[in-house]
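Student: Coordinates in structure.cif, mmCIF, C-alpha atoms, are listed below.
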```
data_input
loop_
_atom_site.label_atom_id
_atom_site.label_comp_id
_atom_site.auth_asym_id
_atom_site.auth_seq_id
_atom_site.Cartn_x
_atom_site.Cartn_y
_atom_site.Cartn_z
CA MET A 143 92.29 106.84 111.21
CA ASN A 144 92.32 104.24 108.44
CA ARG A 145 95.27 102.10 107.36
CA LEU A 146 96.26 104.26 104.43
CA GLU A 147 96.23 107.42 106.57
CA LEU A 148 98.44 105.69 109.13
CA LEU A 149 100.91 104.59 106.46
CA TYR A 150 100.99 108.06 104.92
CA GLY A 151 101.54 109.61 108.34
CA TYR A 152 104.36 107.18 109.09
CA GLN A 153 106.03 108.04 105.79
CA LYS A 154 105.96 111.75 106.70
CA THR A 155 107.19 111.38 110.30
CA GLU A 156 110.73 111.21 111.56
CA SER A 157 109.66 108.85 114.37
CA GLY A 158 110.63 105.21 114.31
CA LEU A 159 108.03 102.57 113.52
CA LYS A 160 107.58 101.42 117.13
CA VAL A 161 107.12 104.97 118.43
CA TYR A 162 104.70 105.87 115.62
CA ALA A 163 102.69 102.65 116.07
CA ASP A 164 102.50 103.17 119.85
CA MET A 165 101.34 106.78 119.37
CA HIS A 166 98.44 105.51 117.26
CA HIS A 167 97.67 102.44 119.39
CA VAL A 168 98.56 100.00 116.61
CA ASN A 169 100.76 96.94 117.03
CA GLN A 170 104.18 97.36 115.42
CA ASN A 171 103.90 93.98 113.68
CA THR A 172 100.55 95.02 112.22
CA MET A 173 102.07 98.22 110.83
CA THR A 174 104.94 96.20 109.37
CA ARG A 175 102.46 93.85 107.68
CA TRP A 176 100.47 96.78 106.26
CA ILE A 177 103.65 98.37 104.88
CA ARG A 178 104.70 95.10 103.24
CA GLN A 179 101.21 94.56 101.77
CA PHE A 180 101.14 98.11 100.43
CA LEU A 181 104.56 97.76 98.82
CA LEU A 182 103.59 94.45 97.20
CA HIS A 183 99.99 95.16 96.18
CA GLY A 184 99.40 98.91 96.40
CA LEU A 185 96.05 100.15 97.72
CA ALA A 186 94.47 96.72 97.35
CA GLY A 187 96.99 95.38 99.84
CA VAL A 188 95.81 97.60 102.68
CA ARG A 189 92.07 97.67 102.15
CA HIS A 190 89.99 95.97 104.81
CA ARG A 191 88.89 92.50 103.78
CA SER A 192 85.63 91.22 105.20
CA PHE A 193 86.29 87.55 104.47
CA ASN A 194 89.10 85.07 103.89
CA HIS A 195 90.91 85.57 100.59
CA ARG A 196 93.73 83.13 101.22
CA TYR A 197 92.25 79.95 99.75
CA SER A 198 90.34 79.40 96.55
CA LEU A 199 86.88 77.87 96.59
CA ASN A 200 88.26 74.66 95.02
CA THR A 201 90.87 74.34 97.75
CA LYS A 202 88.23 74.79 100.45
CA ILE A 203 86.00 72.17 98.81
CA ASP A 204 88.94 69.74 98.53
CA VAL A 205 89.69 70.09 102.23
CA LYS A 206 86.08 69.37 103.14
CA GLY A 207 86.09 66.29 100.89
CA GLY A 208 83.67 67.76 98.40
CA TYR A 209 83.73 67.78 94.63
CA LYS A 210 85.97 69.75 92.27
CA MET A 211 84.53 72.39 90.02
#
```
Rewrite the structure of this file - the entire thing - as structure tokens.

Tutor:
Amino acid sequence: MNRLELLYGYQKTESGLKVYADMHHVNQNTMTRWIRQFLLHGLAGVRHRSFNHRYSLNTKIDVKGGYKM
């Protein structure tokens, strides 16, 4: 089951978050994070990211002591 299916299922259930997360073998904090990301960013907030999107390339270069673009 993917993240969006889990969130949709949770929306339709009368179970609490902990019970629903346990039934689907997902950590409650993870479900909470997915809900928050979905509410803030829509579908883009819950899609699986294959690499780090937190820091810009310039920030990463600055940390390594490189040059600015």

Student: Applying the PyMOL selection byres ((chain A and resi 144) around 10) to the file I just gave you, which residues come out? Please list them as an MDAnalysis selection string.

Tutor: chainID A and resid 143 145:149 188:190

Student: Using C-alpha atoms, can you write the selected residues to a file as an mmCIF file, keeping the file's coordinate frame?

Tutor:
```
data_model
loop_
_atom_site.group_PDB
_atom_site.id
_atom_site.type_symbol
_atom_site.label_atom_id
_atom_site.label_comp_id
_atom_site.auth_asym_id
_atom_site.auth_seq_id
_atom_site.Cartn_x
_atom_site.Cartn_y
_atom_site.Cartn_z
ATOM 1 C CA MET A 143 92.290 106.840 111.210
ATOM 2 C CA ARG A 145 95.270 102.100 107.360
ATOM 3 C CA LEU A 146 96.260 104.260 104.430
ATOM 4 C CA GLU A 147 96.230 107.420 106.570
ATOM 5 C CA LEU A 148 98.440 105.690 109.130
ATOM 6 C CA LEU A 149 100.910 104.590 106.460
ATOM 7 C CA VAL A 188 95.810 97.600 102.680
ATOM 8 C CA ARG A 189 92.070 97.670 102.150
ATOM 9 C CA HIS A 190 89.990 95.970 104.810
#
```

Student: Up to 12 Å from (107.6, 104.3, 109.8) in the file's coordinates: name the residues, counting all atoms listed in the file, as a compact mmCIF listing (two decimals) with C-alpha atoms, in the frame of the given file.

Tutor:
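Output file out19.txt is given in full below:
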```txt
# COMPACT_ATOMS: atom_id res chain seq x y z
CA LEU A 148 98.44 105.69 109.13
CA LEU A 149 100.91 104.59 106.46
CA TYR A 150 100.99 108.06 104.92
CA GLY A 151 101.54 109.61 108.34
CA TYR A 152 104.36 107.18 109.09
CA GLN A 153 106.03 108.04 105.79
CA LYS A 154 105.96 111.75 106.70
CA THR A 155 107.19 111.38 110.30
CA GLU A 156 110.73 111.21 111.56
CA SER A 157 109.66 108.85 114.37
CA GLY A 158 110.63 105.21 114.31
CA LEU A 159 108.03 102.57 113.52
CA LYS A 160 107.58 101.42 117.13
CA VAL A 161 107.12 104.97 118.43
CA TYR A 162 104.70 105.87 115.62
CA ALA A 163 102.69 102.65 116.07
CA ASP A 164 102.50 103.17 119.85
CA MET A 165 101.34 106.78 119.37
CA HIS A 166 98.44 105.51 117.26
CA GLN A 170 104.18 97.36 115.42
CA ASN A 171 103.90 93.98 113.68
CA THR A 172 100.55 95.02 112.22
CA MET A 173 102.07 98.22 110.83
CA THR A 174 104.94 96.20 109.37
CA ARG A 175 102.46 93.85 107.68
CA TRP A 176 100.47 96.78 106.26
CA ILE A 177 103.65 98.37 104.88
CA ARG A 178 104.70 95.10 103.24
```

Student: CA of His183 in chain A to CA of Leu199 in chain A: how many Å, to one decimal?

Tutor: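 Separation between CA of His183 in chain A and CA of Leu199 in chain A: 21.7 Å.
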
Student: Using CA of Ser198 in chain A and CA of Gln179 in chain A as the two end points, give the distance in Å to one decimal.

Tutor: 19.4 Å
